[in-house]
There are 2 protein chains.
Amino acid sequence: MHTYQSPPAGNEISCIFHGISPEIINNNALIRETLLAAIEVESFHVLGIVDHHFEPQGYSAVILFSESHATIHTYPEYGSFVFHIYGCRSEQDGVKTLAYLKKHFGATRCDELSRRIIVDRLK
Amino acid sequence: MHTYQSPPAGNEISCIFHGISPEIINNNALIRETLLAAIEVESFHVLGIVDHHFEPQGYSAVILFSESHATIHTYPEYGSFVFHIYGCRSEQDGVKTLAYLKKHFGATRCDELSRRIIVDRLK
């Protein structure tokens, strides 16, 4: 029997975007749409989304892929949002998605952290 | 008008669990149930879940909270899974959830990374 085997190395990126304009950070529809467009750049396959519009402000979304996930949480009161992505295909997963978000959201600073995710058996 | 303001510091934890027994790593229902029980320890409020049972094996779930999110992706072929949690309430968010998972899943090794998430305006 053939058993599917994931590649042993994926990638995760966590990034806090600061200094987003009020016009963008309060536009939940735009944020959702831009995130979905960013994901498409890397051909992730979306299996499902859960999102929430907070009152009086704030937006969160978690998106499940065949190849792992992406999440976003906005903080309009601070002009910031927190983005996370994990892809299990390669060590480059998420890099282009992040670049797309940087290009479209115009942050004044991004606090970024990434690491290889090794799921392989221990030697 | 009163506008809700999130605390400026939250916490994220990413952890790869290695050496999980076949009985556990192939039991998707148990993994889901244990994750939900772990989250309850910290009183996160679940807004929604998307999960997926892969063929022939593997399970993924993303869970949206009022206070951010948790995710899990299993790799039965490697006896491992990848867990991520982000909480926007305090710098201790996720610590007890992770401890609960460690206690119940019996990993031989955990590759853990955590960082404070500061969403505050830049000074």
# chains A, B, ... in the order shown; residues from 1 in each chain; ligands from 1
call {"tool": "residues_around", "arguments": {"residues": "Ser80 of chain A", "least_positions_apart": "3", "cutoff": "6 Å", "atoms": "only C-alpha atoms", "output": "VMD selection string"}}
result
chain A and resid 17 to 18 20 75
call {"tool": "residues_around", "arguments": {"residues": "Pro8 of chain A", "least_positions_apart": "3", "cutoff": "10 Å", "atoms": "only C-alpha atoms", "output": "JSON list (two decimals) with N, CA and C atoms, in the first residue's frame"}}
result
[["chain", "number", "residue", "atom", "x", "y", "z"],
["A", 5, "GLN", "N", 3.66, 10.49, 2.10],
["A", 5, "GLN", "CA", 4.67, 10.98, 3.03],
["A", 5, "GLN", "C", 4.94, 12.46, 2.77],
["A", 88, "CYS", "N", 3.75, 23.11, 4.80],
["A", 88, "CYS", "CA", 4.49, 21.86, 5.03],
["A", 88, "CYS", "C", 5.12, 21.32, 3.75],
["A", 89, "ARG", "N", 5.20, 22.15, 2.71],
["A", 89, "ARG", "CA", 5.75, 21.66, 1.45],
["A", 89, "ARG", "C", 7.25, 21.85, 1.31],
["A", 90, "SER", "N", 7.73, 23.04, 1.77],
["A", 90, "SER", "CA", 9.15, 23.33, 1.59],
["A", 90, "SER", "C", 9.59, 24.44, 2.53],
["A", 91, "GLU", "N", 10.88, 24.66, 2.56],
["A", 91, "GLU", "CA", 11.44, 25.69, 3.44],
["A", 91, "GLU", "C", 11.20, 27.11, 2.92],
["A", 116, "ARG", "N", 12.42, 26.94, 10.16],
["A", 116, "ARG", "CA", 12.18, 25.67, 9.49],
["A", 116, "ARG", "C", 11.44, 24.77, 10.46],
["A", 117, "ILE", "N", 10.47, 24.04, 9.93],
["A", 117, "ILE", "CA", 9.74, 23.06, 10.76],
["A", 117, "ILE", "C", 10.10, 21.67, 10.28],
["A", 118, "ILE", "N", 10.85, 20.96, 11.10],
["A", 118, "ILE", "CA", 11.29, 19.60, 10.74],
["A", 118, "ILE", "C", 10.39, 18.59, 11.45],
["A", 119, "VAL", "N", 9.64, 17.85, 10.63],
["A", 119, "VAL", "CA", 8.69, 16.89, 11.23],
["A", 119, "VAL", "C", 9.19, 15.45, 11.16],
["A", 120, "ASP", "N", 10.34, 15.28, 10.55],
["A", 120, "ASP", "CA", 11.00, 14.00, 10.35],
["A", 120, "ASP", "C", 11.21, 13.25, 11.67],
["A", 121, "ARG", "N", 11.36, 11.93, 11.55],
["A", 121, "ARG", "CA", 11.76, 11.14, 12.72],
["A", 121, "ARG", "C", 13.14, 11.56, 13.18],
["B", 75, "TYR", "N", 1.50, 14.30, 11.51],
["B", 75, "TYR", "CA", 2.29, 13.57, 10.51],
["B", 75, "TYR", "C", 2.49, 12.14, 11.01],
["B", 78, "TYR", "N", 5.60, 10.18, 10.39],
["B", 78, "TYR", "CA", 6.81, 10.53, 11.14],
["B", 78, "TYR", "C", 6.60, 10.45, 12.66]]
call {"tool": "residues_around", "arguments": {"residues": "Lys102 of chain B", "least_positions_apart": "2", "cutoff": "12 Å", "atoms": "only C-alpha atoms", "output": "MDAnalysis selection string"}}
result
chainID B and resid 15:20 34:35 38 81 83 95:100 104:112
call {"tool": "write_last_selection", "arguments": {"atoms": "N, CA and C atoms", "output": "PDB file, in the first residue's frame"}}
result
ATOM      1  N   CYS B  15       5.312  24.612  18.479  1.00  0.00           N
ATOM      2  CA  CYS B  15       5.994  23.448  19.049  1.00  0.00           C
ATOM      3  C   CYS B  15       5.814  22.222  18.162  1.00  0.00           C
ATOM      4  N   ILE B  16       6.915  21.571  17.845  1.00  0.00           N
ATOM      5  CA  ILE B  16       6.879  20.308  17.106  1.00  0.00           C
ATOM      6  C   ILE B  16       7.035  19.185  18.121  1.00  0.00           C
ATOM      7  N   PHE B  17       6.060  18.302  18.159  1.00  0.00           N
ATOM      8  CA  PHE B  17       6.087  17.149  19.060  1.00  0.00           C
ATOM      9  C   PHE B  17       6.592  15.942  18.272  1.00  0.00           C
ATOM     10  N   HIS B  18       7.655  15.307  18.759  1.00  0.00           N
ATOM     11  CA  HIS B  18       8.213  14.120  18.104  1.00  0.00           C
ATOM     12  C   HIS B  18       7.969  12.864  18.953  1.00  0.00           C
ATOM     13  N   GLY B  19       8.002  11.723  18.248  1.00  0.00           N
ATOM     14  CA  GLY B  19       7.970  10.442  18.958  1.00  0.00           C
ATOM     15  C   GLY B  19       6.626  10.090  19.564  1.00  0.00           C
ATOM     16  N   ILE B  20       5.547  10.495  18.900  1.00  0.00           N
ATOM     17  CA  ILE B  20       4.203  10.159  19.388  1.00  0.00           C
ATOM     18  C   ILE B  20       3.864   8.724  18.945  1.00  0.00           C
ATOM     19  N   THR B  34      -8.436  16.200  22.759  1.00  0.00           N
ATOM     20  CA  THR B  34      -7.379  16.616  23.698  1.00  0.00           C
ATOM     21  C   THR B  34      -7.024  18.082  23.483  1.00  0.00           C
ATOM     22  N   LEU B  35      -6.976  18.501  22.235  1.00  0.00           N
ATOM     23  CA  LEU B  35      -6.682  19.904  21.943  1.00  0.00           C
ATOM     24  C   LEU B  35      -7.777  20.816  22.520  1.00  0.00           C
ATOM     25  N   ALA B  38      -7.367  21.025  26.196  1.00  0.00           N
ATOM     26  CA  ALA B  38      -6.200  21.843  26.549  1.00  0.00           C
ATOM     27  C   ALA B  38      -6.550  23.333  26.513  1.00  0.00           C
ATOM     28  N   PHE B  81       3.682  15.867  15.333  1.00  0.00           N
ATOM     29  CA  PHE B  81       2.703  16.873  14.945  1.00  0.00           C
ATOM     30  C   PHE B  81       3.239  18.266  15.265  1.00  0.00           C
ATOM     31  N   PHE B  83       2.165  22.072  16.490  1.00  0.00           N
ATOM     32  CA  PHE B  83       1.142  22.814  17.231  1.00  0.00           C
ATOM     33  C   PHE B  83       1.533  24.284  17.275  1.00  0.00           C
ATOM     34  N   VAL B  95       0.805  28.921  27.562  1.00  0.00           N
ATOM     35  CA  VAL B  95       1.764  28.133  28.369  1.00  0.00           C
ATOM     36  C   VAL B  95       1.090  26.908  28.988  1.00  0.00           C
ATOM     37  N   LYS B  96      -0.081  27.116  29.551  1.00  0.00           N
ATOM     38  CA  LYS B  96      -0.771  25.982  30.194  1.00  0.00           C
ATOM     39  C   LYS B  96      -1.367  25.021  29.161  1.00  0.00           C
ATOM     40  N   THR B  97      -1.778  25.576  28.028  1.00  0.00           N
ATOM     41  CA  THR B  97      -2.300  24.715  26.961  1.00  0.00           C
ATOM     42  C   THR B  97      -1.197  23.776  26.476  1.00  0.00           C
ATOM     43  N   LEU B  98      -0.018  24.335  26.274  1.00  0.00           N
ATOM     44  CA  LEU B  98       1.117  23.522  25.835  1.00  0.00           C
ATOM     45  C   LEU B  98       1.474  22.465  26.880  1.00  0.00           C
ATOM     46  N   ALA B  99       1.472  22.852  28.124  1.00  0.00           N
ATOM     47  CA  ALA B  99       1.807  21.904  29.197  1.00  0.00           C
ATOM     48  C   ALA B  99       0.809  20.747  29.213  1.00  0.00           C
ATOM     49  N   TYR B 100      -0.452  21.063  28.987  1.00  0.00           N
ATOM     50  CA  TYR B 100      -1.497  20.032  28.950  1.00  0.00           C
ATOM     51  C   TYR B 100      -1.224  19.041  27.813  1.00  0.00           C
ATOM     52  N   HIS B 104      -0.344  14.943  27.992  1.00  0.00           N
ATOM     53  CA  HIS B 104      -1.253  13.925  27.464  1.00  0.00           C
ATOM     54  C   HIS B 104      -0.759  13.197  26.212  1.00  0.00           C
ATOM     55  N   PHE B 105       0.238  13.741  25.513  1.00  0.00           N
ATOM     56  CA  PHE B 105       0.633  13.110  24.251  1.00  0.00           C
ATOM     57  C   PHE B 105       1.935  12.314  24.331  1.00  0.00           C
ATOM     58  N   GLY B 106       2.663  12.422  25.415  1.00  0.00           N
ATOM     59  CA  GLY B 106       3.858  11.590  25.610  1.00  0.00           C
ATOM     60  C   GLY B 106       4.900  11.681  24.515  1.00  0.00           C
ATOM     61  N   ALA B 107       5.257  12.888  24.109  1.00  0.00           N
ATOM     62  CA  ALA B 107       6.298  13.061  23.095  1.00  0.00           C
ATOM     63  C   ALA B 107       7.669  12.705  23.670  1.00  0.00           C
ATOM     64  N   THR B 108       8.554  12.240  22.785  1.00  0.00           N
ATOM     65  CA  THR B 108       9.929  11.980  23.236  1.00  0.00           C
ATOM     66  C   THR B 108      10.767  13.258  23.146  1.00  0.00           C
ATOM     67  N   ARG B 109      10.327  14.184  22.283  1.00  0.00           N
ATOM     68  CA  ARG B 109      11.010  15.478  22.221  1.00  0.00           C
ATOM     69  C   ARG B 109      10.050  16.563  21.732  1.00  0.00           C
ATOM     70  N   CYS B 110      10.211  17.766  22.226  1.00  0.00           N
ATOM     71  CA  CYS B 110       9.410  18.902  21.778  1.00  0.00           C
ATOM     72  C   CYS B 110      10.352  20.018  21.351  1.00  0.00           C
ATOM     73  N   ASP B 111      10.237  20.442  20.107  1.00  0.00           N
ATOM     74  CA  ASP B 111      11.025  21.595  19.622  1.00  0.00           C
ATOM     75  C   ASP B 111      10.136  22.826  19.724  1.00  0.00           C
ATOM     76  N   GLU B 112      10.446  23.654  20.690  1.00  0.00           N
ATOM     77  CA  GLU B 112       9.537  24.724  21.091  1.00  0.00           C
ATOM     78  C   GLU B 112      10.141  26.097  20.834  1.00  0.00           C
TER      79      GLU B 112
END
call {"tool": "select_by_dssp", "arguments": {"residues": "chain B", "states": "alpha helix (DSSP H)", "output": "list of chain:residue names"}}
result
B:Pro22, B:Glu23, B:Ile24, B:Ile25, B:Asn28, B:Ala29, B:Leu30, B:Ile31, B:Arg32, B:Glu33, B:Thr34, B:Leu35, B:Leu36, B:Ala37, B:Ala38, B:Ile39, B:Glu40, B:Val41, B:Val95, B:Lys96, B:Thr97, B:Leu98, B:Ala99, B:Tyr100, B:Leu101, B:Lys102, B:Lys103, B:His104, B:Phe105
call {"tool": "write_last_selection", "arguments": {"atoms": "N, CA and C atoms", "output": "compact mmCIF listing (two decimals), in the first residue's frame"}}
result
# COMPACT_ATOMS: atom_id res chain seq x y z
N PRO B 22 1.98 5.38 17.59
CA PRO B 22 1.02 5.19 16.50
C PRO B 22 -0.43 5.20 16.99
N GLU B 23 -0.67 4.66 18.17
CA GLU B 23 -2.04 4.62 18.73
C GLU B 23 -2.61 6.03 18.90
N ILE B 24 -1.76 6.95 19.29
CA ILE B 24 -2.22 8.32 19.50
C ILE B 24 -2.23 9.11 18.19
N ILE B 25 -1.15 9.06 17.45
CA ILE B 25 -1.01 9.95 16.29
C ILE B 25 -2.01 9.60 15.17
N ASN B 28 -7.43 10.57 15.25
CA ASN B 28 -7.81 11.98 15.00
C ASN B 28 -8.83 12.51 16.02
N ALA B 29 -9.77 11.64 16.39
CA ALA B 29 -10.80 12.07 17.34
C ALA B 29 -10.17 12.40 18.69
N LEU B 30 -9.23 11.58 19.10
CA LEU B 30 -8.53 11.82 20.38
C LEU B 30 -7.72 13.11 20.32
N ILE B 31 -7.08 13.35 19.21
CA ILE B 31 -6.26 14.56 19.08
C ILE B 31 -7.13 15.81 19.14
N ARG B 32 -8.22 15.78 18.44
CA ARG B 32 -9.15 16.92 18.47
C ARG B 32 -9.68 17.17 19.89
N GLU B 33 -10.10 16.10 20.51
CA GLU B 33 -10.68 16.17 21.86
C GLU B 33 -9.66 16.69 22.88
N THR B 34 -8.44 16.20 22.76
CA THR B 34 -7.38 16.62 23.70
C THR B 34 -7.02 18.08 23.48
N LEU B 35 -6.98 18.50 22.24
CA LEU B 35 -6.68 19.90 21.94
C LEU B 35 -7.78 20.82 22.52
N LEU B 36 -9.02 20.43 22.34
CA LEU B 36 -10.12 21.25 22.88
C LEU B 36 -10.09 21.29 24.41
N ALA B 37 -9.73 20.17 25.01
CA ALA B 37 -9.62 20.13 26.48
C ALA B 37 -8.47 21.02 26.95
N ALA B 38 -7.37 21.02 26.20
CA ALA B 38 -6.20 21.84 26.55
C ALA B 38 -6.55 23.33 26.51
N ILE B 39 -7.28 23.71 25.49
CA ILE B 39 -7.68 25.11 25.31
C ILE B 39 -8.58 25.57 26.44
N GLU B 40 -9.40 24.64 26.90
CA GLU B 40 -10.35 24.96 27.97
C GLU B 40 -9.63 25.29 29.28
N VAL B 41 -8.46 24.70 29.47
CA VAL B 41 -7.67 24.96 30.68
C VAL B 41 -7.38 26.46 30.82
N VAL B 95 0.81 28.92 27.56
CA VAL B 95 1.76 28.13 28.37
C VAL B 95 1.09 26.91 28.99
N LYS B 96 -0.08 27.12 29.55
CA LYS B 96 -0.77 25.98 30.19
C LYS B 96 -1.37 25.02 29.16
N THR B 97 -1.78 25.58 28.03
CA THR B 97 -2.30 24.72 26.96
C THR B 97 -1.20 23.78 26.48
N LEU B 98 -0.02 24.34 26.27
CA LEU B 98 1.12 23.52 25.83
C LEU B 98 1.47 22.47 26.88
N ALA B 99 1.47 22.85 28.12
CA ALA B 99 1.81 21.90 29.20
C ALA B 99 0.81 20.75 29.21
N TYR B 100 -0.45 21.06 28.99
CA TYR B 100 -1.50 20.03 28.95
C TYR B 100 -1.22 19.04 27.81
N LEU B 101 -0.88 19.57 26.65
CA LEU B 101 -0.61 18.71 25.49
C LEU B 101 0.61 17.81 25.76
N LYS B 102 1.63 18.40 26.35
CA LYS B 102 2.84 17.61 26.67
C LYS B 102 2.50 16.46 27.62
N LYS B 103 1.68 16.77 28.59
CA LYS B 103 1.31 15.77 29.60
C LYS B 103 0.52 14.63 28.97
N HIS B 104 -0.34 14.94 27.99
CA HIS B 104 -1.25 13.92 27.46
C HIS B 104 -0.76 13.20 26.21
N PHE B 105 0.24 13.74 25.51
CA PHE B 105 0.63 13.11 24.25
C PHE B 105 1.93 12.31 24.33
call {"tool": "atom_distance", "arguments": {"atom1": "atom CA of Glu77 of chain A", "atom2": "atom CA of Ala61 of chain A"}}
result
17.7 Å
call {"tool": "select_by_dssp", "arguments": {"residues": "chain B", "states": "strand (DSSP E or B)", "output": "number ranges by chain"}}
result
B: 9-18, 46-53, 59-65, 68-75, 80-87, 109-118
call {"tool": "write_last_selection", "arguments": {"atoms": "C-alpha atoms", "output": "mmCIF file, in the first residue's frame"}}
result
data_model
loop_
_atom_site.group_PDB
_atom_site.id
_atom_site.type_symbol
_atom_site.label_atom_id
_atom_site.label_comp_id
_atom_site.auth_asym_id
_atom_site.auth_seq_id
_atom_site.Cartn_x
_atom_site.Cartn_y
_atom_site.Cartn_z
ATOM 1 C CA ALA B 9 1.374 42.204 24.749
ATOM 2 C CA GLY B 10 0.332 38.668 23.883
ATOM 3 C CA ASN B 11 2.221 35.445 23.375
ATOM 4 C CA GLU B 12 2.737 32.880 20.646
ATOM 5 C CA ILE B 13 4.123 29.380 20.929
ATOM 6 C CA SER B 14 5.063 27.006 18.146
ATOM 7 C CA CYS B 15 5.994 23.448 19.049
ATOM 8 C CA ILE B 16 6.879 20.308 17.106
ATOM 9 C CA PHE B 17 6.087 17.149 19.060
ATOM 10 C CA HIS B 18 8.213 14.120 18.104
ATOM 11 C CA VAL B 46 -13.892 29.106 20.686
ATOM 12 C CA LEU B 47 -15.586 31.012 17.847
ATOM 13 C CA GLY B 48 -15.171 28.298 15.243
ATOM 14 C CA ILE B 49 -13.171 25.302 14.036
ATOM 15 C CA VAL B 50 -12.174 24.015 10.625
ATOM 16 C CA ASP B 51 -10.593 20.590 10.530
ATOM 17 C CA HIS B 52 -9.747 17.954 7.955
ATOM 18 C CA HIS B 53 -9.064 14.210 7.954
ATOM 19 C CA TYR B 59 -5.287 15.397 10.638
ATOM 20 C CA SER B 60 -5.327 19.212 10.672
ATOM 21 C CA ALA B 61 -7.385 21.663 12.702
ATOM 22 C CA VAL B 62 -7.454 25.452 13.003
ATOM 23 C CA ILE B 63 -9.437 26.947 15.864
ATOM 24 C CA LEU B 64 -10.413 30.594 16.111
ATOM 25 C CA PHE B 65 -10.750 32.100 19.605
ATOM 26 C CA SER B 68 -6.698 34.549 18.822
ATOM 27 C CA HIS B 69 -6.105 30.932 17.679
ATOM 28 C CA ALA B 70 -4.619 27.442 17.926
ATOM 29 C CA THR B 71 -3.665 25.026 15.136
ATOM 30 C CA ILE B 72 -2.495 21.437 14.841
ATOM 31 C CA HIS B 73 -1.174 19.313 11.963
ATOM 32 C CA THR B 74 -0.293 15.639 12.429
ATOM 33 C CA TYR B 75 2.291 13.569 10.513
ATOM 34 C CA SER B 80 5.005 13.880 14.938
ATOM 35 C CA PHE B 81 2.703 16.873 14.945
ATOM 36 C CA VAL B 82 3.056 20.641 14.768
ATOM 37 C CA PHE B 83 1.142 22.814 17.231
ATOM 38 C CA HIS B 84 0.794 26.588 17.228
ATOM 39 C CA ILE B 85 -1.057 28.897 19.597
ATOM 40 C CA TYR B 86 -1.346 32.649 19.844
ATOM 41 C CA GLY B 87 -3.184 34.472 22.622
ATOM 42 C CA ARG B 109 11.010 15.478 22.221
ATOM 43 C CA CYS B 110 9.410 18.902 21.778
ATOM 44 C CA ASP B 111 11.025 21.595 19.622
ATOM 45 C CA GLU B 112 9.537 24.724 21.091
ATOM 46 C CA LEU B 113 9.711 28.392 20.208
ATOM 47 C CA SER B 114 7.804 31.193 21.860
ATOM 48 C CA ARG B 115 7.829 34.954 21.653
ATOM 49 C CA ARG B 116 6.013 37.954 23.034
ATOM 50 C CA ILE B 117 3.753 39.586 20.483
ATOM 51 C CA ILE B 118 3.715 43.348 20.919
#
call {"tool": "closest_residue", "arguments": {"among": "B:Gly79, B:Pro7, B:Glu67, B:His45", "to": "Asn26 of chain B", "atoms": "only C-alpha atoms"}}
result
B:Gly79
call {"tool": "closest_residue", "arguments": {"among": "B:Ser6, B:Gln92, B:Ser21, B:Glu42", "to": "chain A", "atoms": "only C-alpha atoms"}}
result
B:Ser6
call {"tool": "closest_residue", "arguments": {"among": "B:Phe44, B:Asn27, B:Gln57, B:Asp93", "to": "chain A", "atoms": "only C-alpha atoms"}}
result
B:Gln57
